Amino acid sequence: DKFQLPSAGTCGGSGPCLVWVMEIRNPLTVTPRTPEVFFSGTIHGDERVGPTSVVEFATALLQGYRDGHRWARRIVDTRRLTLVPCGNAYGYYHNTRTELGIDPNRDFAWDQTATFCMKTVAARSINEVYRSHVFQLSATFHGGDNLVAYPWGDNLHCDNPNYYGYCSGGWVAPDQTGMARLTDTVRDFAGGFQGQSVYKTGALNDPNVIYPVAGGMEDWAYGASWEPAGNVVCTPVGGNGAYPAEKTVYGNATHRAVNLLVETAMQKAPAENLLGGRADVLNPSG
């Protein structure tokens with residue numbers, strides 16, 4: 001409703017598929033200079049861990065703040081968090097990767113054909129959120145691998161791709177050193193899980209990590225405000241109808257986030273007994 005976007009099909013009988021946007025902040029301490037962080041729970045609807053993780057994170061943070069936990073209070077008092085637990089609401093409800101047959105993570109205004117981007121409500125919703133914020137850091141959750149990766153991950157920064165599309169180089173971004181240290185810290189803090197090794201880390205285009213895609217959210221969120229080679233002004237055909245082209249013309253501030261792709265587990269829908277619990281989630285030694 002806020003962004004006047006259509007619904008992508010129905011979820012729950014005849015009801016529309018709704019994309020909820022949550023914001024956590026302390027209105028008494030937030031200022032125009034307060035750092036902003038974004039969390040996306042699911043772009044692919046059959047990758048089930050992300051929405052649960054985002055909602056559980058929000059619950060733990062708010063309960064921790066209520067109970068006086070110092071880390072919860074520090075985060076809420078010094079950050080402005082925006083969370084979209086289920087950007088691909090249609091895919092999540094129907095347990096399918098796509099939104100009405102379109103892959104939302106090939107649908108962003110980056111390294112894509114103009115008529116083949118911003119077709120999905122999922123991409124449009126996240127686009128509207130980014131247009132109204134300046135995020136310094138973001139995380140987007142997926143499933144089907146175990147890694148934490150960062151830009152570049154597109155075809156523009158992929159040297160001499162082989163027959164299978166894997167790159168031989170070219171993926172080093174200007175913030176490579178900082179992003180590498182950040183993802184290594186995330187890996188070390190998370191540790192391993194039952195039946196799964198520690199997370200791989202590295203650039204998305206590194207063949208030892210994952211592979212390049214066109215229209216991906218990760219590089220779009222990181223580079224669309226300053227790397228003109230990847231920018232696309234979208235004029236979508238089909239999908240959910242027309243979308244104003246000017247909404248994919250960005251200023252020099254909104255799309256500079258260090259955007260981490262988190263592939264949560266090899267299984268897209270792990271067994272419930274592997275998902276952990278709420279006890280001591282805010283305690284580093286818990």
# chains A, B, ... in the order shown; residues from 1 in each chain; ligands from 1
$ closest_atom_pairs --of "stretch 145-250 of chain A" --to "stretch 136-139 of chain A" --cutoff "10 Å" --atoms "only C-alpha atoms" --output "JSON lines"
{"residue": "A:Val148", "atom": "CA", "partner": "A:Ala139", "partner_atom": "CA", "distance": 9.4}
{"residue": "A:Ala149", "atom": "CA", "partner": "A:Ala139", "partner_atom": "CA", "distance": 9.9}
{"residue": "A:Tyr150", "atom": "CA", "partner": "A:Ala139", "partner_atom": "CA", "distance": 9.7}
{"residue": "A:Glu218", "atom": "CA", "partner": "A:Ala139", "partner_atom": "CA", "distance": 8.7}
{"residue": "A:Ala221", "atom": "CA", "partner": "A:Ser138", "partner_atom": "CA", "distance": 8.4}
{"residue": "A:Tyr222", "atom": "CA", "partner": "A:Leu137", "partner_atom": "CA", "distance": 9.1}
$ write_last_selection --atoms "N, CA, C and O atoms" --output "mmCIF file, in the first residue's frame"
data_model
loop_
_atom_site.group_PDB
_atom_site.id
_atom_site.type_symbol
_atom_site.label_atom_id
_atom_site.label_comp_id
_atom_site.auth_asym_id
_atom_site.auth_seq_id
_atom_site.Cartn_x
_atom_site.Cartn_y
_atom_site.Cartn_z
ATOM 1 N N VAL A 148 29.036 -17.069 2.758
ATOM 2 C CA VAL A 148 28.760 -15.642 2.944
ATOM 3 C C VAL A 148 29.637 -14.915 1.931
ATOM 4 O O VAL A 148 30.863 -14.971 2.009
ATOM 5 N N ALA A 149 29.006 -14.256 0.956
ATOM 6 C CA ALA A 149 29.749 -13.696 -0.162
ATOM 7 C C ALA A 149 29.375 -12.235 -0.390
ATOM 8 O O ALA A 149 28.382 -11.739 0.136
ATOM 9 N N TYR A 150 30.190 -11.569 -1.211
ATOM 10 C CA TYR A 150 30.042 -10.136 -1.431
ATOM 11 C C TYR A 150 30.351 -9.819 -2.896
ATOM 12 O O TYR A 150 30.894 -10.649 -3.636
ATOM 13 N N GLU A 218 22.552 -8.308 -5.190
ATOM 14 C CA GLU A 218 23.774 -8.037 -4.428
ATOM 15 C C GLU A 218 24.573 -6.888 -5.043
ATOM 16 O O GLU A 218 24.920 -5.904 -4.370
ATOM 17 N N ALA A 221 22.587 -3.435 -5.154
ATOM 18 C CA ALA A 221 22.561 -2.692 -3.895
ATOM 19 C C ALA A 221 23.901 -2.032 -3.601
ATOM 20 O O ALA A 221 23.967 -0.979 -2.967
ATOM 21 N N TYR A 222 24.968 -2.644 -4.084
ATOM 22 C CA TYR A 222 26.323 -2.144 -3.818
ATOM 23 C C TYR A 222 26.744 -1.056 -4.800
ATOM 24 O O TYR A 222 27.348 -0.051 -4.405
#
$ residues_around --residues "A:Asn240" --least-positions-apart "3" --cutoff "9 Å" --atoms "only C-alpha atoms" --output "list in words"
Pro6, Ser7, Ala8, Met118, Lys119, Thr120, Val121, Pro236, Val237 and Tyr243 of chain A
$ write_last_selection --atoms "C-alpha atoms" --output "compact mmCIF listing (two decimals), in the first residue's frame"
# COMPACT_ATOMS: atom_id res chain seq x y z
CA PRO A 6 0.21 -4.47 -7.19
CA SER A 7 -0.06 -7.85 -5.49
CA ALA A 8 1.76 -10.76 -7.09
CA MET A 118 11.68 -4.82 -12.34
CA LYS A 119 8.97 -7.24 -13.45
CA THR A 120 8.41 -8.73 -9.99
CA VAL A 121 6.75 -7.20 -6.97
CA PRO A 236 9.57 -4.01 -17.96
CA VAL A 237 7.31 -5.85 -20.34
CA TYR A 243 6.77 0.35 -13.73
$ select_by_dssp --residues "stretch 113-276 of chain A" --states "alpha helix (DSSP H)" --output "PyMOL selection string"
chain A and resi 121-131+176-190+217-223
$ residues_around --residues "stretch 80-87 of chain A" --least-positions-apart "3" --cutoff "6 Å" --atoms "only C-alpha atoms" --output "PyMOL selection string"
chain A and resi 19+21-25+36-43+51+54+122
$ write_last_selection --atoms "N, CA and C atoms" --output "PDB file, in the first residue's frame"
ATOM      1  N   VAL A  19       3.746  -7.895   0.945  1.00  0.00           N
ATOM      2  CA  VAL A  19       5.156  -7.755   1.292  1.00  0.00           C
ATOM      3  C   VAL A  19       5.243  -6.805   2.481  1.00  0.00           C
ATOM      4  N   VAL A  21       7.102  -4.681   5.423  1.00  0.00           N
ATOM      5  CA  VAL A  21       8.343  -3.962   5.703  1.00  0.00           C
ATOM      6  C   VAL A  21       8.341  -3.578   7.174  1.00  0.00           C
ATOM      7  N   MET A  22       9.371  -4.004   7.890  1.00  0.00           N
ATOM      8  CA  MET A  22       9.489  -3.711   9.322  1.00  0.00           C
ATOM      9  C   MET A  22      10.629  -2.718   9.538  1.00  0.00           C
ATOM     10  N   GLU A  23      10.476  -1.866  10.526  1.00  0.00           N
ATOM     11  CA  GLU A  23      11.555  -0.959  10.897  1.00  0.00           C
ATOM     12  C   GLU A  23      11.741  -0.995  12.405  1.00  0.00           C
ATOM     13  N   ILE A  24      12.983  -1.141  12.829  1.00  0.00           N
ATOM     14  CA  ILE A  24      13.326  -1.155  14.250  1.00  0.00           C
ATOM     15  C   ILE A  24      14.309  -0.015  14.496  1.00  0.00           C
ATOM     16  N   ARG A  25      13.934   0.881  15.388  1.00  0.00           N
ATOM     17  CA  ARG A  25      14.789   2.007  15.736  1.00  0.00           C
ATOM     18  C   ARG A  25      14.264   2.617  17.023  1.00  0.00           C
ATOM     19  N   GLU A  36      22.253   2.918   8.774  1.00  0.00           N
ATOM     20  CA  GLU A  36      21.095   2.126   8.384  1.00  0.00           C
ATOM     21  C   GLU A  36      21.534   0.752   7.869  1.00  0.00           C
ATOM     22  N   VAL A  37      20.763  -0.268   8.255  1.00  0.00           N
ATOM     23  CA  VAL A  37      21.060  -1.645   7.876  1.00  0.00           C
ATOM     24  C   VAL A  37      19.783  -2.284   7.341  1.00  0.00           C
ATOM     25  N   PHE A  38      19.935  -3.089   6.282  1.00  0.00           N
ATOM     26  CA  PHE A  38      18.793  -3.731   5.641  1.00  0.00           C
ATOM     27  C   PHE A  38      18.942  -5.251   5.694  1.00  0.00           C
ATOM     28  N   PHE A  39      17.816  -5.950   5.932  1.00  0.00           N
ATOM     29  CA  PHE A  39      17.790  -7.412   5.918  1.00  0.00           C
ATOM     30  C   PHE A  39      16.671  -7.879   4.991  1.00  0.00           C
ATOM     31  N   SER A  40      17.021  -8.774   4.052  1.00  0.00           N
ATOM     32  CA  SER A  40      16.045  -9.409   3.171  1.00  0.00           C
ATOM     33  C   SER A  40      15.955 -10.885   3.528  1.00  0.00           C
ATOM     34  N   GLY A  41      14.732 -11.346   3.839  1.00  0.00           N
ATOM     35  CA  GLY A  41      14.564 -12.732   4.261  1.00  0.00           C
ATOM     36  C   GLY A  41      14.529 -13.719   3.117  1.00  0.00           C
ATOM     37  N   THR A  42      13.785 -13.404   2.068  1.00  0.00           N
ATOM     38  CA  THR A  42      13.726 -14.338   0.945  1.00  0.00           C
ATOM     39  C   THR A  42      13.465 -13.630  -0.369  1.00  0.00           C
ATOM     40  N   ILE A  43      14.345 -13.899  -1.318  1.00  0.00           N
ATOM     41  CA  ILE A  43      14.126 -13.535  -2.712  1.00  0.00           C
ATOM     42  C   ILE A  43      13.595 -14.756  -3.461  1.00  0.00           C
ATOM     43  N   PRO A  51      13.334 -16.048   5.967  1.00  0.00           N
ATOM     44  CA  PRO A  51      12.232 -15.363   6.658  1.00  0.00           C
ATOM     45  C   PRO A  51      12.174 -15.674   8.152  1.00  0.00           C
ATOM     46  N   VAL A  54      15.035 -13.736   9.914  1.00  0.00           N
ATOM     47  CA  VAL A  54      14.794 -12.300  10.045  1.00  0.00           C
ATOM     48  C   VAL A  54      13.753 -12.021  11.124  1.00  0.00           C
ATOM     49  N   ALA A 122       8.529  -8.453  -5.859  1.00  0.00           N
ATOM     50  CA  ALA A 122       9.641  -8.614  -4.918  1.00  0.00           C
ATOM     51  C   ALA A 122      10.738  -7.599  -5.201  1.00  0.00           C
TER      52      ALA A 122
END
$ atom_distance --atom1 "atom CA of A:Glu99" --atom2 "atom CA of A:Gly239"
9.1 Å
$ residues_around --residues "A:Tyr93" --least-positions-apart "4" --cutoff "9 Å" --atoms "only C-alpha atoms" --output "PyMOL selection string"
chain A and resi 10-12+17+45-46+88-89
$ decode --residues "stretch 16-29 of chain A" --atoms "all heavy atoms" --output "CSV table (one decimal), in the first residue's frame"
chain,number,residue,atom,x,y,z
A,16,PRO,N,-4.6,-11.3,-1.1
A,16,PRO,CA,-3.4,-10.9,-1.9
A,16,PRO,C,-2.1,-11.3,-1.2
A,16,PRO,O,-2.1,-11.4,0.1
A,16,PRO,CB,-3.5,-9.3,-2.0
A,16,PRO,CG,-4.3,-9.0,-0.7
A,16,PRO,CD,-5.3,-10.1,-0.5
A,17,CYS,N,-1.0,-11.4,-1.9
A,17,CYS,CA,0.3,-11.7,-1.3
A,17,CYS,C,0.9,-10.4,-0.9
A,17,CYS,O,1.2,-9.5,-1.8
A,17,CYS,CB,1.2,-12.4,-2.4
A,17,CYS,SG,0.6,-14.0,-2.9
A,18,LEU,N,1.1,-10.2,0.4
A,18,LEU,CA,1.6,-8.9,0.9
A,18,LEU,C,3.1,-9.0,1.2
A,18,LEU,O,3.5,-10.0,1.7
A,18,LEU,CB,0.8,-8.6,2.2
A,18,LEU,CG,-0.7,-8.4,2.1
A,18,LEU,CD1,-1.4,-8.2,3.4
A,18,LEU,CD2,-1.1,-7.3,1.1
A,19,VAL,N,3.7,-7.9,0.9
A,19,VAL,CA,5.2,-7.8,1.3
A,19,VAL,C,5.2,-6.8,2.5
A,19,VAL,O,5.0,-5.6,2.4
A,19,VAL,CB,6.0,-7.2,0.1
A,19,VAL,CG1,7.4,-7.0,0.5
A,19,VAL,CG2,5.9,-8.2,-1.1
A,20,TRP,N,5.6,-7.3,3.6
A,20,TRP,CA,5.7,-6.5,4.9
A,20,TRP,C,7.1,-5.9,5.0
A,20,TRP,O,8.1,-6.6,4.8
A,20,TRP,CB,5.4,-7.4,6.1
A,20,TRP,CG,4.0,-7.9,6.1
A,20,TRP,CD1,3.5,-9.1,5.6
A,20,TRP,CD2,2.8,-7.2,6.6
A,20,TRP,NE1,2.1,-9.2,5.8
A,20,TRP,CE2,1.7,-8.0,6.4
A,20,TRP,CE3,2.6,-5.9,7.2
A,20,TRP,CZ2,0.4,-7.6,6.8
A,20,TRP,CZ3,1.4,-5.6,7.6
A,20,TRP,CH2,0.3,-6.4,7.4
A,21,VAL,N,7.1,-4.7,5.4
A,21,VAL,CA,8.3,-4.0,5.7
A,21,VAL,C,8.3,-3.6,7.2
A,21,VAL,O,7.4,-2.9,7.6
A,21,VAL,CB,8.5,-2.7,4.8
A,21,VAL,CG1,9.8,-2.0,5.1
A,21,VAL,CG2,8.4,-3.1,3.3
A,22,MET,N,9.4,-4.0,7.9
A,22,MET,CA,9.5,-3.7,9.3
A,22,MET,C,10.6,-2.7,9.5
A,22,MET,O,11.6,-2.8,8.8
A,22,MET,CB,9.8,-5.0,10.1
A,22,MET,CG,8.8,-6.1,9.9
A,22,MET,SD,9.5,-7.7,10.5
A,22,MET,CE,9.7,-7.3,12.2
A,23,GLU,N,10.5,-1.9,10.5
A,23,GLU,CA,11.6,-1.0,10.9
A,23,GLU,C,11.7,-1.0,12.4
A,23,GLU,O,10.8,-0.9,13.2
A,23,GLU,CB,11.3,0.5,10.4
A,23,GLU,CG,12.4,1.4,10.7
A,23,GLU,CD,12.3,2.8,10.0
A,23,GLU,OE1,12.2,2.8,8.8
A,23,GLU,OE2,12.2,3.8,10.8
A,24,ILE,N,13.0,-1.1,12.8
A,24,ILE,CA,13.3,-1.2,14.3
A,24,ILE,C,14.3,0.0,14.5
A,24,ILE,O,15.4,0.0,13.9
A,24,ILE,CB,13.9,-2.5,14.7
A,24,ILE,CG1,12.9,-3.6,14.5
A,24,ILE,CG2,14.4,-2.4,16.1
A,24,ILE,CD1,13.5,-5.0,14.8
A,25,ARG,N,13.9,0.9,15.4
A,25,ARG,CA,14.8,2.0,15.7
A,25,ARG,C,14.3,2.6,17.0
A,25,ARG,O,13.1,2.3,17.4
A,25,ARG,CB,14.8,3.1,14.6
A,25,ARG,CG,13.4,3.7,14.4
A,25,ARG,CD,13.4,4.6,13.2
A,25,ARG,NE,12.1,5.1,12.8
A,25,ARG,CZ,11.5,6.2,13.3
A,25,ARG,NH1,12.2,7.0,14.1
A,25,ARG,NH2,10.3,6.5,12.9
A,26,ASN,N,15.1,3.4,17.6
A,26,ASN,CA,14.6,4.2,18.8
A,26,ASN,C,14.4,5.6,18.3
A,26,ASN,O,15.3,6.4,18.0
A,26,ASN,CB,15.7,4.2,19.9
A,26,ASN,CG,15.2,4.9,21.2
A,26,ASN,OD1,14.3,5.7,21.2
A,26,ASN,ND2,15.9,4.6,22.3
A,27,PRO,N,13.1,6.1,18.3
A,27,PRO,CA,12.8,7.4,17.8
A,27,PRO,C,13.4,8.5,18.6
A,27,PRO,O,13.5,9.6,18.2
A,27,PRO,CB,11.3,7.4,17.8
A,27,PRO,CG,10.9,6.4,18.8
A,27,PRO,CD,11.9,5.3,18.8
A,28,LEU,N,13.8,8.2,19.9
A,28,LEU,CA,14.4,9.2,20.7
A,28,LEU,C,15.9,9.4,20.4
A,28,LEU,O,16.5,10.5,20.8
A,28,LEU,CB,14.2,8.8,22.2
A,28,LEU,CG,12.8,8.7,22.7
A,28,LEU,CD1,12.7,8.3,24.1
A,28,LEU,CD2,12.0,10.0,22.4
A,29,THR,N,16.5,8.5,19.8
A,29,THR,CA,18.0,8.6,19.6
A,29,THR,C,18.3,8.6,18.1
A,29,THR,O,19.5,9.0,17.7
A,29,THR,CB,18.7,7.4,20.2
A,29,THR,OG1,18.2,6.1,19.6
A,29,THR,CG2,18.5,7.3,21.7
